[in-house]
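So this one's start_17.cif, mmCIF, C-alpha atoms and all ligand atoms:
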```cif
data_data
loop_
_atom_site.label_atom_id
_atom_site.label_comp_id
_atom_site.auth_asym_id
_atom_site.auth_seq_id
_atom_site.Cartn_x
_atom_site.Cartn_y
_atom_site.Cartn_z
CA MET A 764 0.00 0.00 0.00
CA ASN A 765 1.25 3.46 -0.69
CA GLN A 766 1.74 6.45 1.59
CA ARG A 767 -1.74 7.87 1.51
CA THR A 768 -3.42 4.49 2.01
CA HIS A 769 -1.16 3.66 4.98
CA THR A 770 -1.93 7.11 6.41
CA TRP A 771 -5.67 6.68 5.95
CA ILE A 772 -5.62 3.24 7.63
CA ALA A 773 -3.82 4.66 10.70
CA ALA A 774 -6.05 7.76 10.89
CA ARG A 775 -9.19 5.62 10.50
CA ALA A 776 -7.97 3.21 13.21
CA ILE A 777 -7.64 6.16 15.62
CA GLY A 778 -11.27 7.06 14.89
CA LEU A 779 -12.35 3.45 15.36
CA LEU A 780 -10.62 3.26 18.76
CA GLU A 781 -12.36 6.47 19.76
CA GLU A 782 -15.78 5.28 18.63
CA GLU A 783 -15.32 1.94 20.33
CA GLY A 784 -14.35 3.75 23.50
CA THR A 785 -12.74 1.06 25.65
CA GLU A 786 -9.23 2.59 25.69
CA PRO A 787 -9.86 6.34 25.76
CA ASN A 788 -6.31 7.24 26.89
CA LEU A 789 -4.70 5.40 23.98
CA ALA A 790 -7.19 6.97 21.57
CA ALA A 791 -6.50 10.43 23.02
CA LEU A 792 -2.72 9.96 22.73
CA LEU A 793 -2.91 8.96 19.07
CA ARG A 794 -5.60 11.52 18.18
CA HIS A 795 -3.35 14.36 19.25
CA PHE A 796 -0.79 13.41 16.58
CA ALA A 797 -3.20 12.24 13.86
CA ARG A 798 -1.51 14.26 11.10
CA GLU A 799 1.81 12.62 11.91
CA ALA A 800 0.37 9.25 10.90
CA SER A 801 1.42 10.44 7.43
CA VAL A 802 5.04 10.11 8.57
CA GLY A 803 4.94 7.18 11.00
CA ALA A 804 2.71 4.88 8.98
CA TRP A 805 4.90 5.39 5.95
CA VAL A 806 8.41 5.59 7.35
CA PRO A 807 9.03 1.80 7.33
CA ASP A 808 8.89 1.98 3.51
CA ALA A 809 11.37 4.88 3.36
CA GLN A 810 14.78 3.86 2.07
CA ASP A 811 16.75 5.03 5.11
CA ALA A 812 14.43 3.12 7.48
CA LYS A 813 15.60 -0.11 5.85
CA ARG A 814 19.23 0.26 6.92
CA GLY A 815 20.82 -2.17 9.35
CA GLY A 816 18.30 -4.88 8.68
CA ALA A 817 15.51 -2.87 10.29
CA GLY A 818 13.41 -3.16 7.20
CA SER A 819 15.93 -5.05 5.08
CA LYS A 820 14.59 -4.26 1.65
CA THR A 821 11.05 -5.56 1.77
CA GLU A 822 11.57 -8.91 3.51
CA ASN A 823 10.11 -7.68 6.78
CA HIS A 824 7.05 -6.30 5.04
CA VAL A 825 5.93 -9.65 3.63
CA LEU A 826 5.33 -13.27 4.48
CA LYS A 827 5.36 -14.92 1.08
CA ILE A 828 3.48 -18.21 1.42
CA ALA A 829 3.80 -21.21 -0.92
CA PRO A 830 2.91 -24.92 -0.98
CA TYR A 831 5.02 -26.79 1.55
CA GLU A 832 6.69 -30.07 0.77
CA GLY A 833 8.54 -30.79 4.01
CA ARG A 834 7.75 -33.28 6.75
CA GLU A 835 5.65 -31.06 9.00
CA ARG A 836 2.57 -31.29 6.83
CA ALA A 837 0.01 -31.27 9.62
CA ARG A 838 1.53 -28.18 11.27
CA SER A 839 1.42 -26.31 7.97
CA THR A 840 -2.15 -27.27 7.06
CA THR A 841 -5.13 -25.21 8.23
CA SER A 842 -8.68 -26.10 7.32
CA LYS A 843 -10.99 -23.28 6.29
CA ASP A 844 -13.07 -23.72 9.45
CA ALA A 845 -9.96 -23.60 11.62
CA LEU A 846 -8.57 -20.48 9.95
CA VAL A 847 -11.92 -18.68 10.10
CA ALA A 848 -12.14 -19.56 13.80
CA GLU A 849 -8.62 -18.24 14.44
CA LEU A 850 -9.47 -14.99 12.66
CA GLY A 851 -12.86 -14.54 14.33
CA GLN A 852 -16.10 -13.40 12.75
CA HIS A 853 -15.33 -9.72 13.41
CA ARG A 854 -12.92 -9.88 10.46
CA ALA A 855 -14.49 -9.27 7.05
CA THR A 856 -11.82 -11.43 5.40
CA ALA A 857 -12.93 -14.36 7.55
CA GLN A 858 -16.51 -13.85 6.38
CA PHE A 859 -15.35 -13.58 2.77
CA LEU A 860 -13.38 -16.84 2.99
CA ARG A 861 -16.16 -18.65 4.81
CA ALA A 862 -18.62 -17.81 2.00
CA ASP A 863 -16.13 -18.44 -0.80
CA GLN A 864 -16.61 -21.57 -2.93
CA ARG A 865 -13.80 -20.90 -5.38
CA LEU A 866 -11.07 -22.39 -3.21
CA ARG A 867 -12.09 -26.03 -3.06
CA PRO A 868 -11.77 -28.35 -0.02
CA GLU A 869 -8.69 -29.92 -1.65
CA TRP A 870 -6.96 -26.52 -1.61
CA TRP A 871 -7.62 -26.16 2.10
CA GLY A 872 -6.37 -29.69 2.71
CA GLU A 873 -2.86 -28.90 1.46
CA PRO A 874 0.05 -27.59 3.58
CA TYR A 875 1.37 -24.05 2.96
CA LYS A 876 4.22 -22.23 4.60
CA GLY A 877 6.16 -18.99 4.42
CA ASP A 878 8.86 -19.10 1.73
CA VAL A 879 11.38 -17.13 3.78
CA ASP A 880 14.90 -16.52 2.43
CA LYS A 881 16.52 -15.67 5.77
CA PRO A 882 15.20 -17.57 8.80
CA GLY A 883 12.98 -15.37 10.93
CA GLN A 884 13.04 -12.42 8.56
CA HIS A 885 9.39 -11.81 7.83
CA LEU A 886 6.46 -9.57 8.62
CA PRO A 887 4.97 -11.25 11.74
CA ASN A 888 8.42 -11.27 13.38
CA ARG A 889 8.93 -7.59 12.56
CA ALA A 890 5.54 -6.63 13.98
CA MET A 891 6.15 -8.76 17.08
CA ALA A 892 9.56 -7.15 17.66
CA LEU A 893 8.17 -3.64 17.26
CA SER A 894 5.20 -4.30 19.54
CA THR A 895 7.49 -5.73 22.26
CA THR A 896 9.83 -2.75 22.00
CA LEU A 897 6.84 -0.42 22.05
CA LYS A 898 5.80 -1.78 25.45
CA ASP A 899 9.32 -1.01 26.76
CA LEU A 900 9.18 2.48 25.32
CA VAL A 901 5.78 3.24 26.89
CA LEU A 902 7.00 2.05 30.30
CA LEU A 903 10.01 4.36 29.84
CA GLY A 904 7.64 7.20 29.05
CA ASP A 905 7.83 10.76 30.29
CA ARG A 906 5.43 12.03 32.96
CA ALA A 907 2.73 12.93 30.46
CA LEU A 908 2.84 9.47 28.91
CA ILE A 909 2.99 7.58 32.21
CA SER A 910 0.00 9.58 33.45
CA LEU A 911 -2.08 7.89 30.75
CA LEU A 912 -1.42 4.43 32.24
CA PRO A 913 -3.79 3.02 34.88
CA PHE A 914 -0.90 2.02 37.19
CA PRO A 915 2.25 3.67 38.62
CA VAL A 916 5.70 2.94 37.17
CA ASP A 917 8.00 2.60 40.17
CA PHE A 918 11.35 3.06 38.44
CA HIS A 919 10.25 6.31 36.87
CA SER A 920 11.88 8.42 39.61
CA TYR A 921 15.30 7.04 38.55
CA MET A 922 14.86 7.97 34.91
CA HIS A 923 16.56 11.09 33.55
CA PRO A 924 13.90 13.07 31.68
CA ASP A 925 16.05 12.97 28.51
CA CYS A 926 15.84 9.15 28.54
CA CYS A 927 12.06 9.07 28.68
CA THR A 928 9.85 8.45 25.70
CA ALA A 929 7.78 11.46 24.69
CA GLU A 930 4.11 11.12 23.78
CA GLU A 931 4.84 12.21 20.24
CA ALA A 932 7.54 9.56 19.81
CA THR A 933 5.18 6.91 21.18
CA ALA A 934 2.49 7.88 18.70
CA MET A 935 5.11 7.62 15.94
CA TYR A 936 5.98 4.03 16.95
CA PHE A 937 2.30 3.06 17.04
CA PHE A 938 1.94 4.46 13.52
CA MET A 939 5.00 2.48 12.41
CA LEU A 940 3.39 -0.66 13.82
CA SER A 941 0.26 0.09 11.80
CA HIS A 942 2.36 -0.10 8.63
CA PHE A 943 3.28 -3.74 9.17
CA VAL A 944 -0.22 -4.72 10.29
CA ALA A 945 -1.64 -3.14 7.13
CA ASP A 946 0.96 -4.90 4.97
CA ALA A 947 -0.21 -8.26 6.40
CA SER A 948 -3.72 -7.47 5.18
CA MET A 949 -2.52 -7.01 1.57
CA PRO A 950 -2.83 -10.31 -0.37
CA CYS A 951 0.16 -9.58 -2.62
CA HIS A 952 2.42 -9.41 0.46
CA CYS A 953 1.51 -12.98 1.37
CA ASP A 954 1.75 -14.98 -1.87
CA ALA A 955 5.12 -16.29 -3.08
CA ARG A 956 4.11 -16.32 -6.75
CA LYS A 957 6.01 -13.82 -8.87
CA LEU A 958 2.70 -12.56 -10.21
CA THR A 959 2.28 -10.67 -6.92
CA SER A 960 5.58 -8.77 -7.07
CA TYR A 961 5.40 -4.98 -7.04
CA SER A 962 7.90 -4.54 -9.85
CA GLY A 963 6.56 -4.90 -13.35
CA GLY A 964 3.45 -2.84 -12.61
CA LYS A 965 1.02 -5.76 -12.61
CA ILE A 966 -1.56 -6.73 -9.96
CA HIS A 967 0.26 -5.49 -6.87
CA LYS A 968 1.04 -1.98 -8.08
CA LYS A 969 -2.29 -1.52 -9.87
CA TRP A 970 -4.34 -2.76 -6.90
CA GLU A 971 -2.55 -0.32 -4.62
CA GLY A 972 -3.12 2.47 -7.14
CA HIS A 973 -6.83 1.56 -7.25
CA TRP A 974 -7.07 1.90 -3.42
CA SER A 975 -4.99 5.04 -3.45
CA ARG A 976 -7.45 6.77 -5.77
CA LYS A 977 -10.30 5.83 -3.44
CA VAL A 978 -8.40 7.23 -0.44
CA GLY A 979 -7.73 10.49 -2.27
CA THR A 980 -5.03 13.13 -2.02
CA TYR A 981 -6.10 14.57 1.36
CA PHE A 982 -3.93 11.97 3.10
CA GLU A 983 -0.74 12.91 1.25
CA LYS A 984 2.06 13.80 3.66
CA ALA A 985 2.54 17.12 1.88
CA LYS A 986 -1.06 18.05 2.63
CA LEU A 987 -1.18 16.96 6.27
CA LEU A 988 2.27 18.32 7.16
CA PRO A 989 2.81 20.99 4.52
CA TRP A 990 5.72 22.63 6.33
CA GLY A 991 7.31 19.51 7.75
CA VAL A 992 7.21 18.61 11.44
CA GLU A 993 10.00 20.95 12.54
CA SER A 994 8.62 24.12 11.12
CA ILE A 995 4.99 23.49 11.83
CA ALA A 996 3.09 26.35 13.40
CA PRO A 997 0.86 25.43 16.37
CA ASN A 998 -2.43 25.89 14.54
CA ALA A 999 -1.28 25.44 10.94
CA GLY A 1000 -2.62 22.67 8.76
CA PRO A 1001 -5.65 20.48 9.39
CA SER A 1002 -6.74 19.69 12.96
CA SER A 1003 -6.89 16.17 14.39
CA ASP A 1004 -10.67 16.48 14.37
CA GLU A 1005 -10.60 17.14 10.65
CA VAL A 1006 -8.13 14.34 9.83
CA ILE A 1007 -10.12 11.76 11.78
CA GLN A 1008 -13.43 12.94 10.30
CA LYS A 1009 -12.02 12.93 6.75
CA ALA A 1010 -10.76 9.40 7.34
CA GLN A 1011 -14.25 8.31 8.36
CA ASP A 1012 -15.70 10.01 5.28
CA ILE A 1013 -13.69 7.60 3.09
CA ASP A 1014 -15.49 4.51 4.49
CA GLY A 1015 -18.18 4.69 1.81
CA ASN A 1016 -15.59 4.57 -0.97
CA PHE A 1017 -14.68 1.09 0.21
CA GLY A 1018 -18.20 0.05 1.26
CA ILE A 1019 -17.04 -0.20 4.87
CA ASP A 1020 -19.36 0.04 7.86
CA LEU A 1021 -17.44 0.26 11.13
CA SER A 1022 -20.26 1.97 13.02
CA SER A 1023 -20.92 -0.99 15.31
CA ALA A 1024 -17.47 -2.57 15.18
CA THR A 1025 -15.88 -3.82 18.37
CA VAL A 1026 -12.12 -4.04 18.80
CA PRO A 1027 -11.58 -7.36 20.58
CA ASP A 1028 -8.35 -8.35 22.26
CA LEU A 1029 -6.37 -11.21 20.72
CA GLN A 1030 -7.79 -14.66 21.33
CA PRO A 1031 -6.33 -16.57 24.29
CA GLY A 1032 -2.99 -18.06 23.33
CA HIS A 1033 -2.39 -15.59 20.50
CA ASP A 1034 0.32 -12.97 20.48
CA VAL A 1035 1.00 -10.39 17.76
CA TRP A 1036 3.18 -12.91 15.92
CA LEU A 1037 0.57 -15.68 15.80
CA GLU A 1038 -2.26 -13.26 15.08
CA LEU A 1039 -0.43 -11.92 12.04
CA ILE A 1040 0.54 -15.42 10.88
CA HIS A 1041 -3.21 -16.12 10.64
CA VAL A 1042 -3.88 -12.76 8.96
CA CYS A 1043 -1.13 -13.55 6.41
CA ARG A 1044 -2.58 -17.02 5.76
CA ALA A 1045 -5.96 -15.42 5.10
CA SER A 1046 -4.33 -12.90 2.76
CA PHE A 1047 -2.64 -15.77 0.91
CA ALA A 1048 -6.01 -17.51 0.54
CA VAL A 1049 -7.51 -14.27 -0.85
CA ALA A 1050 -4.63 -13.98 -3.35
CA SER A 1051 -5.42 -17.56 -4.39
CA VAL A 1052 -9.07 -16.64 -4.97
CA VAL A 1053 -8.04 -13.68 -7.14
CA CYS A 1054 -5.43 -15.67 -9.07
CA PRO A 1055 -6.67 -19.29 -8.93
CA PRO A 1056 -3.77 -21.77 -8.85
CA ASP A 1057 -5.52 -23.85 -11.54
CA GLU A 1058 -4.84 -20.98 -13.95
CA TYR A 1059 -1.75 -19.51 -12.31
CA PRO A 1060 0.09 -22.45 -10.71
CA TYR A 1061 2.33 -21.95 -7.70
CA GLY A 1062 5.94 -22.12 -8.79
CA ASP A 1063 5.17 -20.92 -12.33
CA ASP A 1064 6.96 -17.59 -12.48
CA ASP A 1065 6.01 -16.83 -16.07
CA GLN A 1066 2.31 -16.28 -15.45
CA ARG A 1067 1.79 -12.64 -14.52
CA PRO A 1068 -1.76 -11.48 -15.31
CA GLU A 1069 -2.67 -7.85 -15.56
CA PHE A 1070 -4.83 -6.31 -12.81
CA ASP A 1071 -7.63 -5.81 -15.36
CA VAL A 1072 -7.66 -9.53 -16.20
CA VAL A 1073 -8.31 -10.69 -12.62
CA LEU A 1074 -9.89 -7.65 -10.94
CA GLY A 1075 -11.06 -5.51 -13.88
CA ASN A 1076 -14.63 -4.75 -14.84
CA GLY A 1077 -15.28 -8.38 -15.66
CA HIS A 1078 -14.71 -9.10 -11.96
CA SER A 1079 -16.10 -5.91 -10.46
CA GLN A 1080 -18.15 -7.74 -7.82
CA LEU A 1081 -15.09 -9.60 -6.53
CA ARG A 1082 -13.05 -6.37 -6.63
CA GLU A 1083 -15.65 -4.50 -4.58
CA GLU A 1084 -16.07 -7.33 -2.09
CA LEU A 1085 -12.32 -7.34 -1.56
CA ASP A 1086 -12.03 -3.55 -1.41
CA MET A 1087 -14.40 -3.77 1.53
CA ALA A 1088 -12.95 -6.83 3.24
CA ILE A 1089 -9.27 -5.86 2.94
CA MET A 1090 -9.66 -2.23 3.98
CA HIS A 1091 -12.11 -3.06 6.78
CA ASP A 1092 -9.63 -5.54 8.16
CA ALA A 1093 -6.55 -3.34 7.64
CA VAL A 1094 -8.21 -0.71 9.87
CA LEU A 1095 -9.61 -3.22 12.36
CA ASN A 1096 -6.37 -5.24 12.58
CA THR A 1097 -4.45 -2.04 13.29
CA ALA A 1098 -6.84 -1.08 16.10
CA ILE A 1099 -6.76 -4.64 17.49
CA VAL A 1100 -2.95 -4.76 17.63
CA TRP A 1101 -2.63 -1.22 19.05
CA LYS A 1102 -5.18 -1.96 21.75
CA HIS A 1103 -3.54 -5.30 22.58
CA VAL A 1104 -0.12 -3.65 23.05
CA TRP A 1105 -1.67 -1.01 25.32
CA ASN A 1106 -3.80 -3.52 27.29
CA LYS A 1107 -0.91 -5.89 27.70
CA LEU A 1108 1.00 -3.26 29.68
CA GLY A 1109 -1.50 -3.61 32.48
CA GLY A 1110 -1.47 -7.43 32.37
CA ASP A 1111 1.16 -10.00 33.21
ZN ZN A 1201 5.59 -1.97 3.62
#
```
What would you get if you wrote out this structure as structure tokens?
Amino acid sequence: MNQRTHTWIAARAIGLLEEEGTEPNLAALLRHFAREASVGAWVPDAQDAKRGGAGSKTENHVLKIAPYEGRERARSTTSKDALVAELGQHRATAQFLRADQRLRPEWWGEPYKGDVDKPGQHLPNRAMALSTTLKDLVLLGDRALISLLPFPVDFHSYMHPDCCTAEEATAMYFFMLSHFVADASMPCHCDARKLTSYSGGKIHKKWEGHWSRKVGTYFEKAKLLPWGVESIAPNAGPSSDEVIQKAQDIDGNFGIDLSSATVPDLQPGHDVWLELIHVCRASFAVASVVCPPDEYPYGDDDQRPEFDVVLGNGHSQLREELDMAIMHDAVLNTAIVWKHVWNKLGGD
């Protein structure tokens, strides 16, 4: 997804957290810096943010899944019912897959696994690492940040103020986390077939361009932060109210209705890593609906259909269903993971 789509997803997730209302302090923290979602939600894709293995090209933004031929078949096989149960009915992608008849039972009976070049270097690990670090950084927060937590932090009196995490920095890390969660919701990030690669301008790039046009130019960084962060005047540029409202106004473009959405915690036994493994498996299944393996076999790198062939006007119903499901879940997944990180601070 490109900069404005990532920004919209983060801004919309702030609004969703507010509407849902169970973590008002987290929502208030993020709301205050809503415009800066245009930096934080995008920075993981910036070239300099990929130095030192932090983003390592795009490996940490994807979990490219492929048929698995090793010995651990059972561990790598998930039935449709099991995956839908792991995702939960609150996810539109789960509902889409449950209703889908295009992927046959035989497809669901096969094992699939991440085709990862360097062990451990993939999206769920990156999101897990960032969410763990984010908990540390919140606990090391300055007085304003700590005051948002429902418990005291005893070591705070030993912390030099310069070592403490500012509210603005914390918001930035939450926005960065939203980037990886949103990437997991994008089918092309989760399918090892070459037909999903960004280069070459086929499905991946065109699909993102299609969403980007629906999001619109309001969410461009240059519009939300026209003078850059350093030179920004206190009341210059759009207010948080406006950014969050404009984000909500986009819902109709994707056919999304989040008006009665809840933001559940992760299921028992799940952590951010496992949650995103399931989200990536669902995204892989969606990619396999869009580009059926009967026509575009796994392992066949020559088949690279155009966007218009698989999601053009001949498939407008599928395209619209997926516009809704993918964007609904990108927003919801972001809110779920943010809320889980925040909640977890008060747990064990
Ligand atoms: Zn990315």
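For ligand ZN 1201 (chain A), the neighbouring polymer residues at 8 Å or closer are A:Met764, A:Trp805, A:Pro807, A:Asp808, A:Thr821, A:Asn823, A:His824, A:Val825, A:His942, A:Phe943, A:Asp946, only C-alpha atoms and all ligand atoms being used.
In this comparison, which uses all atoms listed in the file, the residue of A:Ala1048, A:Thr959, A:Lys813, A:Lys1102 approaching Trp870 in chain A most closely is A:Ala1048.
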Surrounding residues of Ser842 in chain A excluding itself and chain neighbours under 5 positions, 9 Å, all atoms listed in the file, as a ChimeraX atom specification | /A:847,868,871-873
Output the selection as a PDB file, keeping the file's coordinate frame - C-alpha atoms for each residue.
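Output below, filename out_38.pdb:
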```pdb
ATOM      1  CA  VAL A 847     -11.920 -18.680  10.100  1.00  0.00           C
ATOM      2  CA  PRO A 868     -11.770 -28.350  -0.020  1.00  0.00           C
ATOM      3  CA  TRP A 871      -7.620 -26.160   2.100  1.00  0.00           C
ATOM      4  CA  GLY A 872      -6.370 -29.690   2.710  1.00  0.00           C
ATOM      5  CA  GLU A 873      -2.860 -28.900   1.460  1.00  0.00           C
TER       6      GLU A 873
END
```
CA of Ile1040 in chain A to CA of Leu900 in chain A, distance in Å rounded to a single decimal |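 Distance reported for this atom pair: 24.6 Å.
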A:Cys951, A:Leu860, A:Leu903, A:Ala932 ranked by distance to Ala1045 in chain A, top pick (using all atoms listed in the file) |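 Of the candidates, the smallest distance to Ala1045 in chain A is held by A:Leu860.
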For Val1104 in chain A, which residue out of A:Asp905, A:Glu781, A:Glu786, A:Glu983 is the nearest one, using all atoms listed in the file?
->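 Distance minimum relative to Val1104 in chain A lands on A:Glu786.
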Measure the distance from CA of Cys927 in chain A to CA of Ala773 in chain A in Å and round it to one decimal.
->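 Value for the CA of Cys927 in chain A-CA of Ala773 in chain A distance: 24.4 Å.
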Could you work out how far CA of Leu1074 in chain A lies from CA of Val1053 in chain A, giving the answer in Å with one decimal?
->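 Interatomic distance here is 7.4 Å.
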Nearest to Asp1012 in chain A among A:Val978, A:Val1026, A:Ile777, A:Ala790, with distances taken over only C-alpha atoms: which residue is it?
->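 With only C-alpha atoms as the atom set, the closest residue is A:Val978.
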If we count all atoms listed in the file, what is near Ser941 in chain A at a cut-off of 12 Å, once residues fewer than 3 positions away on the same chain are taken out, given as a ChimeraX atom specification?
-> /A:764,768-777,793,800-807,824,886,889-891,893-894,934-938,944-948,1092-1102,1104
Using all atoms listed in the file, find the one residue out of A:Lys1107, A:Lys1009, A:Arg794, A:His967 that sits nearest to Asp1034 in chain A.
->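 When distances to Asp1034 in chain A are compared using all atoms listed in the file, the smallest one comes from A:Lys1107.
Each of A:Ser960, A:Thr785, A:Leu987, A:Trp1036 was checked against Thr895 in chain A using all atoms listed in the file; the smallest atom-to-atom distance is that of A:Trp1036.
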Enumerate, in order of chain and increasing residue number, the residues of range 830-904 of chain A with an atom no farther than 12 Å from range 1014-1021 of chain A, each with its shortest atom pair and distance in Å to one decimal, counting all atoms listed in the file, as a tab-separated table.
```
residue	atom	partner	partner_atom	distance
A:His853	CA	A:Leu1021	CA	10.5
A:Arg854	CA	A:Leu1021	CA	11.1
A:Ala855	CA	A:Ile1019	CA	9.7
```
Within 9 Å of Gln1030 in chain A using only C-alpha atoms, minus same-chain residues under 2 positions, as an NGL selection string | :A and (849-851 or 1027-1028 or 1032-1034 or 1038)
